[in-house]
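Visitor: Could you have a look at this structure, given as structure tokens, before my questions?
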Amino acid sequence: KGFFMLVILAAVVGCSNKQYTRPEVKIVPEPAKVVNTDGVFVLNKKTPVLVNEDNPELKQIAGFLTAHLSDFYGLNASVDVADSPQKKAIFIGLDKSLNLGKEAYNLSVTPKQIVLKASAPNGLFYGVQTLIQLLPPSRQQLSEAVFPAVEIEDTPRFGWRGMHLDVGRHFMPVDFVKKYIDYIAMNKMNVFHWHLTEDQGWRIEIKKYPKLTEIGSKRKETIIGHAHESKEYDGKPYGGFYTQDEIKDVVAYAKARYVTVVPEIELPGHALAALASYPELGCTGGPYEVATTWGVFDDVYCAGKEETFQFLEDVISEVMPLFPGEYFHIGGDECPKTQWEKCPYCQARMKKEGLKNEHELQSYFVQRIEKFLNAHGKKMIGWDEILEGGLAPNATVMSWRGEEGGIAAAQAHHDAVMTPGNYCYFDHYQADPKTQPLAIGGFTPLKEVYGYEPIPKELSAEEGKYILGAQGNVWTEYMATPERVEYMVFPRIAALAEVVWSPKGSRNYDDFMNRMQDEVKRYDAYGINYCKVEFQ
Ligand code: TNX
């Protein structure tokens with residue numbers, strides 16, 4: 001009988017200690033090392049978030065966590081300063097002596113406390129992204145939030161984890177560009193490649209050349225449907241551009257989320273909007289019109305005239321200071337040589353410089369621009385056509401026509417970023433076209449993206465080091481709205497994030513899809529318009 005009483009007593013004591021089920025750890029992208037341990041850490045209304053230095057950057061990082069706690073669960077945690085981890089607190093500590101990589105972090109969640117440490121703020125920011133993913137994926141009012149106990153040591157596989165956005169074909173408002181940066185950051189990606197100029201629109205204010213936006217940012221109408229099967233236009237004028245103040249605002253927003261913005265000013269091709277604004281920059285002198293259809297156009301910057309280079313150097317001089325990152329993208333893709341072949345200025349230039357063909361003329365063009373960029377402390381990056389006719393001495397190659405460009409670059413000991421169409425083009429269909437909104441073509445479902453390996457097997461271990469990483473490209477010919485961009489980007493961005501972040505050996509599609517079940521709930525909570533075909 002006495003024994004029976006004891007059991008009851010024990011049960012009563014036990015019950016007064018609330019029981020928590022340990023949530024499953026489901027992080028995307030999968031961290032480098034995860035050890036599941038027993039128990040949970042319970043955050044309540046009194047749990048503080050501590051940072052170990054009284055500085056705005058650390059407080060801002062902690063602020064991303066407290067903002068999530070309040071936005072998702074109505075829990076208002078305070079941010080305070082403390083030298084060392086405390087019981088019943090979340091501690092975010094910058095510790096240079098740890099000697100971790102800049103983007104690496106260690107996270108320990110025990111029933112007693114949470115300790116996040118990194119050698120640089122970047123790592124702490126990614127640790128916070130992980131902490132957010134340990135919490136319930138849906139919005140709900142809570143008095144307590146439960147974290148599963150876990151030990152995580154995490155570091156990215158690649159340094160260039162990029163997403164591109166073409167705002168030339170369709171302009172995307174500043175508010176959406178910021179959301180896009182949020183999406184990049186929450187996937188632990190770190191480069192936003194902003195494609196700012198196109199045949200169909202020039203989207204960045206240049207004070208010295210006001211016509212670029214007065215004329216070049218507007219087109220008289222837009223083609224409906226596929227260019228090759230439709231000549232029907234919507235009859236509506238279309239336009240938009242970013243002021244330099246807006247650009248600065250976006251760049252600062254990205255910086256706070258550890259995203260570097262790489263601007264792209266296209267040359268020598270995809271330049272009709274610029275030529276429509278300043279016709280003297282073309283071989284024939286125009287007149288030209290901002291393009292109203294998609295494709296590749298014969299009229300490009302004249303490579304013979306000095307004023308072309310003066311113009312581009314002036315433009316670049318205004319753009320460079322707006323973007324503190326080290327890379328400047330000069331395009332370089334799809335430049336037909338038809339006008340150059342007929343142009344007396346271009347032919348005279350070729351003769352004077354001893355250039356054998358128009359590919360060498362393009363190479364001359366790009367190398368001149370590279371010299372200018374390098375002299376101003378910038379590294380040049382361009383699409384893989386810049387390999388043709390001789391690669392500029394310090395150039396980084398963005399390999400889009402398959403992997404060949406990246407392979408050639410790495411073998412020549414040049415850096416490369418991999419963006420092959422078959423895996424990284426998010427303008428392709430992701431499911432049966434019959435069930436999908438109109439897209440440019442191609443077929444790149446989620447699983448295909450997930451299966452991508454950025455280091456081509458053709459490369460030796462030494463050459464493989466020149467592969468900086470990979471990037472998803474989002475060309476917007478058939479994406480007229482932010483909602484459509486979201487649809488094409490999600491969930492494929494998550495697959496690519498894992499490709500560039502997680503260790504090669506840990507990749508497992510079924511496991512990824514299991515973790516994605518929570519991630520898509522988060523998409524719902526954020527109101528992201530993602531493609532649901534794989535989640536029904
Ligand atoms: C080729 S990818 C282009 C873009 C188009 C895209 C459509 C690249 C460097 N150039 O101008 O939008 O195909 O997929």
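Ordering of the structure tokens sets the chain letters (A, B, ...); residue numbers start at 1 within each chain; ligands are numbered from 1 in the order shown.
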Quick one: residues within 10 Å of ligand 1, with only C-alpha atoms and all ligand atoms, as a VMD selection string?
Guide: chain A and resid 166 168 to 169 195 198 to 199 266 269 to 270 294 to 296 331 to 335 382 to 385 398 to 401 419 to 421 425 to 428 439 to 442 473 to 478
Visitor: Write the residues you've just listed into a file as a PDB file, in the first residue's frame, and include C-alpha atoms for each of them.
Guide:
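What follows is the written file part_27.pdb:
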ATOM      1  CA  ASP A 166      15.856  40.035 -64.186  1.00  0.00           C
ATOM      2  CA  GLY A 168      14.576  44.349 -67.296  1.00  0.00           C
ATOM      3  CA  ARG A 169      11.876  42.222 -68.886  1.00  0.00           C
ATOM      4  CA  HIS A 195      20.039  42.206 -63.687  1.00  0.00           C
ATOM      5  CA  GLU A 198      17.967  44.878 -70.878  1.00  0.00           C
ATOM      6  CA  ASP A 199      16.697  45.414 -74.426  1.00  0.00           C
ATOM      7  CA  GLU A 266      24.812  44.467 -69.768  1.00  0.00           C
ATOM      8  CA  GLY A 269      24.580  43.115 -76.262  1.00  0.00           C
ATOM      9  CA  HIS A 270      21.066  43.300 -74.791  1.00  0.00           C
ATOM     10  CA  TRP A 294      11.736  38.859 -76.294  1.00  0.00           C
ATOM     11  CA  GLY A 295      14.866  37.447 -77.861  1.00  0.00           C
ATOM     12  CA  VAL A 296      18.248  38.556 -79.105  1.00  0.00           C
ATOM     13  CA  GLY A 331      26.728  40.649 -68.953  1.00  0.00           C
ATOM     14  CA  GLY A 332      28.530  39.624 -72.132  1.00  0.00           C
ATOM     15  CA  ASP A 333      25.954  37.067 -73.317  1.00  0.00           C
ATOM     16  CA  GLU A 334      24.208  36.793 -76.653  1.00  0.00           C
ATOM     17  CA  CYS A 335      25.887  39.596 -78.588  1.00  0.00           C
ATOM     18  CA  GLY A 382      30.380  37.924 -66.965  1.00  0.00           C
ATOM     19  CA  TRP A 383      28.323  35.258 -68.752  1.00  0.00           C
ATOM     20  CA  ASP A 384      30.374  32.478 -70.343  1.00  0.00           C
ATOM     21  CA  GLU A 385      30.520  34.101 -73.814  1.00  0.00           C
ATOM     22  CA  MET A 398      29.232  32.650 -64.960  1.00  0.00           C
ATOM     23  CA  SER A 399      28.541  29.373 -66.740  1.00  0.00           C
ATOM     24  CA  TRP A 400      24.987  29.294 -68.127  1.00  0.00           C
ATOM     25  CA  ARG A 401      25.171  27.409 -71.436  1.00  0.00           C
ATOM     26  CA  THR A 419      24.323  28.481 -63.381  1.00  0.00           C
ATOM     27  CA  PRO A 420      23.680  25.794 -66.020  1.00  0.00           C
ATOM     28  CA  GLY A 421      20.229  26.062 -67.576  1.00  0.00           C
ATOM     29  CA  TYR A 425      17.024  28.176 -64.573  1.00  0.00           C
ATOM     30  CA  PHE A 426      13.936  28.881 -62.552  1.00  0.00           C
ATOM     31  CA  ASP A 427      12.196  30.333 -65.604  1.00  0.00           C
ATOM     32  CA  HIS A 428      11.802  26.732 -66.825  1.00  0.00           C
ATOM     33  CA  ALA A 439       6.784  29.757 -69.057  1.00  0.00           C
ATOM     34  CA  ILE A 440       9.690  30.148 -71.423  1.00  0.00           C
ATOM     35  CA  GLY A 441      10.157  26.392 -71.882  1.00  0.00           C
ATOM     36  CA  GLY A 442      12.571  23.845 -70.476  1.00  0.00           C
ATOM     37  CA  ASN A 473      18.574  32.523 -62.524  1.00  0.00           C
ATOM     38  CA  VAL A 474      15.170  34.117 -62.818  1.00  0.00           C
ATOM     39  CA  TRP A 475      14.546  35.609 -66.259  1.00  0.00           C
ATOM     40  CA  THR A 476      11.201  37.333 -66.239  1.00  0.00           C
ATOM     41  CA  GLU A 477       9.955  37.300 -69.843  1.00  0.00           C
ATOM     42  CA  TYR A 478       6.944  35.303 -68.624  1.00  0.00           C
TER      43      TYR A 478
END
Visitor: Find the spatial neighbours of Tyr466 of chain A, counting only C-alpha atoms, within a cut-off of 10 Å - ignore same-chain residues fewer than 2 positions away - and output them as a PDB file with C-alpha atoms, in the first residue's frame.
Guide:
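The file below, out.pdb, is the result:
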ATOM      1  CA  THR A 396      35.142  35.329 -63.220  1.00  0.00           C
ATOM      2  CA  GLY A 406      32.748  26.854 -65.943  1.00  0.00           C
ATOM      3  CA  ILE A 407      34.959  23.883 -66.752  1.00  0.00           C
ATOM      4  CA  ALA A 409      37.375  28.763 -66.796  1.00  0.00           C
ATOM      5  CA  ALA A 410      38.464  26.547 -63.894  1.00  0.00           C
ATOM      6  CA  GLN A 411      40.946  24.721 -66.108  1.00  0.00           C
ATOM      7  CA  ALA A 412      42.401  28.109 -67.043  1.00  0.00           C
ATOM      8  CA  HIS A 413      42.560  28.915 -63.301  1.00  0.00           C
ATOM      9  CA  HIS A 414      39.769  31.454 -63.413  1.00  0.00           C
ATOM     10  CA  ASP A 415      36.976  31.520 -60.869  1.00  0.00           C
ATOM     11  CA  ALA A 416      33.552  30.390 -62.032  1.00  0.00           C
ATOM     12  CA  VAL A 417      29.979  30.455 -60.775  1.00  0.00           C
ATOM     13  CA  ILE A 455      31.773  20.842 -59.225  1.00  0.00           C
ATOM     14  CA  LEU A 459      37.759  18.960 -62.924  1.00  0.00           C
ATOM     15  CA  ALA A 461      40.476  18.584 -57.021  1.00  0.00           C
ATOM     16  CA  GLU A 462      42.782  21.561 -57.566  1.00  0.00           C
ATOM     17  CA  GLU A 463      40.651  22.941 -60.435  1.00  0.00           C
ATOM     18  CA  GLY A 464      37.463  22.335 -58.451  1.00  0.00           C
ATOM     19  CA  LEU A 468      32.891  29.536 -56.237  1.00  0.00           C
ATOM     20  CA  GLY A 469      29.398  28.124 -56.054  1.00  0.00           C
TER      21      GLY A 469
END
Visitor: With a distance cut-off of 8 Å and only C-alpha atoms, select the neighbouring residues of segment 354-368 of chain A, excluding the residue or stretch itself and same-chain residues fewer than 6 positions from it, and output the selection as a PyMOL selection string.
Guide: chain A and resi 268+303+332+337+340-341+386-393
Visitor: Could you give me, as a PyMOL selection string, the residues within 7 Å of Lys218 of chain A, counting only C-alpha atoms and dropping anything in the same chain fewer than 6 positions from it?
Guide: chain A and resi 201+238-240
Visitor: Restricting it to N, CA and C atoms, dump the selection as a PDB file, in the first residue's frame.
Guide:
ATOM      1  N   GLY A 201      14.237  47.284 -71.250  1.00  0.00           N
ATOM      2  CA  GLY A 201      14.130  48.318 -70.225  1.00  0.00           C
ATOM      3  C   GLY A 201      15.419  48.554 -69.462  1.00  0.00           C
ATOM      4  N   TYR A 238       4.588  50.348 -70.721  1.00  0.00           N
ATOM      5  CA  TYR A 238       5.103  49.654 -69.540  1.00  0.00           C
ATOM      6  C   TYR A 238       6.424  50.301 -69.147  1.00  0.00           C
ATOM      7  N   GLY A 239       6.671  50.441 -67.863  1.00  0.00           N
ATOM      8  CA  GLY A 239       7.956  51.023 -67.477  1.00  0.00           C
ATOM      9  C   GLY A 239       8.212  50.949 -65.995  1.00  0.00           C
ATOM     10  N   GLY A 240       9.407  51.398 -65.620  1.00  0.00           N
ATOM     11  CA  GLY A 240       9.785  51.433 -64.210  1.00  0.00           C
ATOM     12  C   GLY A 240      11.286  51.473 -64.077  1.00  0.00           C
TER      13      GLY A 240
END
Visitor: Have a look at A:Leu124, A:Ile181, A:Leu165, A:Ile265 and name the one nearest to Ala104 of chain A; count only C-alpha atoms.
Guide: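 Looking at the shortest contact to Ala104 of chain A, the residue is A:Leu124.
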Visitor: What's the 7 Å shell around Phe125 of chain A, counting only C-alpha atoms, without same-chain residues fewer than 4 positions away, as a list of chain:residue names?
Guide: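 Counting only C-alpha atoms, the residues come to A:Ile61, A:Pro121, A:Gln129.
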Visitor: From a backbone DSSP assignment, name each residue in segment 42-216 of chain A labelled strand (DSSP E or B), as a ChimeraX atom specification.
Guide: /A:42-44,49-51,79-81,90-94,105-109,114-118,144-154,160-166,191-195,197-198,201-202,204
Visitor: From the DSSP assignment of the backbone, select every residue of segment 32-161 of chain A that is alpha helix (DSSP H), and format the answer as an MDAnalysis selection string.
Guide: chainID A and resid 56:73 121:134
Visitor: Could you work out how far atom CA of Ala149 of chain A lies from atom CA of Asp38 of chain A, giving the answer in Å with one decimal?
Guide: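 Interatomic distance, atom CA of Asp38 of chain A to atom CA of Ala149 of chain A: 5.9 Å.
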Visitor: Using only C-alpha atoms, which residue out of A:Pro148, A:Pro437, A:Gly505, A:Pro210 lies closest to Cys531 of chain A?
Guide: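 Closest to Cys531 of chain A of all the choices is A:Pro437.
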Visitor: Which neighbours of Lys236 of chain A fall inside 10 Å, counting only C-alpha atoms, when residues of the same chain fewer than 5 positions from it are skipped, and could you give them as number ranges by chain?
Guide: A: 219-223
Visitor: What lies within 10 Å of Lys188 of chain A using only C-alpha atoms, ignoring chain neighbours under 5 positions off, as an mmCIF file with C-alpha atoms, in the first residue's frame?
Guide:
data_model
loop_
_atom_site.group_PDB
_atom_site.id
_atom_site.type_symbol
_atom_site.label_atom_id
_atom_site.label_comp_id
_atom_site.auth_asym_id
_atom_site.auth_seq_id
_atom_site.Cartn_x
_atom_site.Cartn_y
_atom_site.Cartn_z
ATOM 1 C CA VAL A 28 16.635 23.419 -44.765
ATOM 2 C CA PRO A 29 19.373 23.577 -45.953
ATOM 3 C CA GLU A 103 29.651 31.991 -42.192
ATOM 4 C CA ASN A 122 27.470 36.273 -40.668
ATOM 5 C CA GLY A 123 27.605 32.951 -38.817
ATOM 6 C CA PHE A 125 22.861 35.431 -38.574
ATOM 7 C CA TYR A 126 22.710 31.916 -40.046
ATOM 8 C CA GLY A 127 22.443 30.443 -36.552
ATOM 9 C CA GLN A 129 17.868 31.337 -39.249
ATOM 10 C CA THR A 130 18.348 27.822 -37.888
ATOM 11 C CA PRO A 156 28.459 26.312 -45.925
ATOM 12 C CA ARG A 161 25.178 31.019 -53.024
ATOM 13 C CA GLY A 162 23.295 33.208 -55.423
ATOM 14 C CA ASP A 182 14.558 38.034 -47.343
ATOM 15 C CA TYR A 183 13.957 34.828 -49.302
ATOM 16 C CA ARG A 257 20.857 40.213 -44.036
ATOM 17 C CA TYR A 258 24.398 39.334 -45.120
ATOM 18 C CA VAL A 259 23.470 39.396 -48.795
ATOM 19 C CA ALA A 494 15.268 25.515 -51.192
ATOM 20 C CA ALA A 497 20.154 26.286 -51.186
ATOM 21 C CA GLU A 498 20.876 22.759 -50.022
ATOM 22 C CA VAL A 500 25.284 25.096 -52.248
ATOM 23 C CA TRP A 501 25.175 24.911 -48.452
#
Visitor: Select, from A:Asn76, A:Gln430, A:Ser460, A:Ser502, the residue with the minimum atom-to-atom distance to Leu142 of chain A, counting only C-alpha atoms.
Guide: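 Residue with the minimum atom-to-atom distance to Leu142 of chain A: A:Asn76.
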Visitor: Considering only C-alpha atoms, state which residue in the set A:Thr284, A:Thr481, A:Thr47, A:Asn99 is at the smallest distance from Val146 of chain A.
Guide: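 Ranked by minimum distance to Val146 of chain A, first place goes to A:Thr47.
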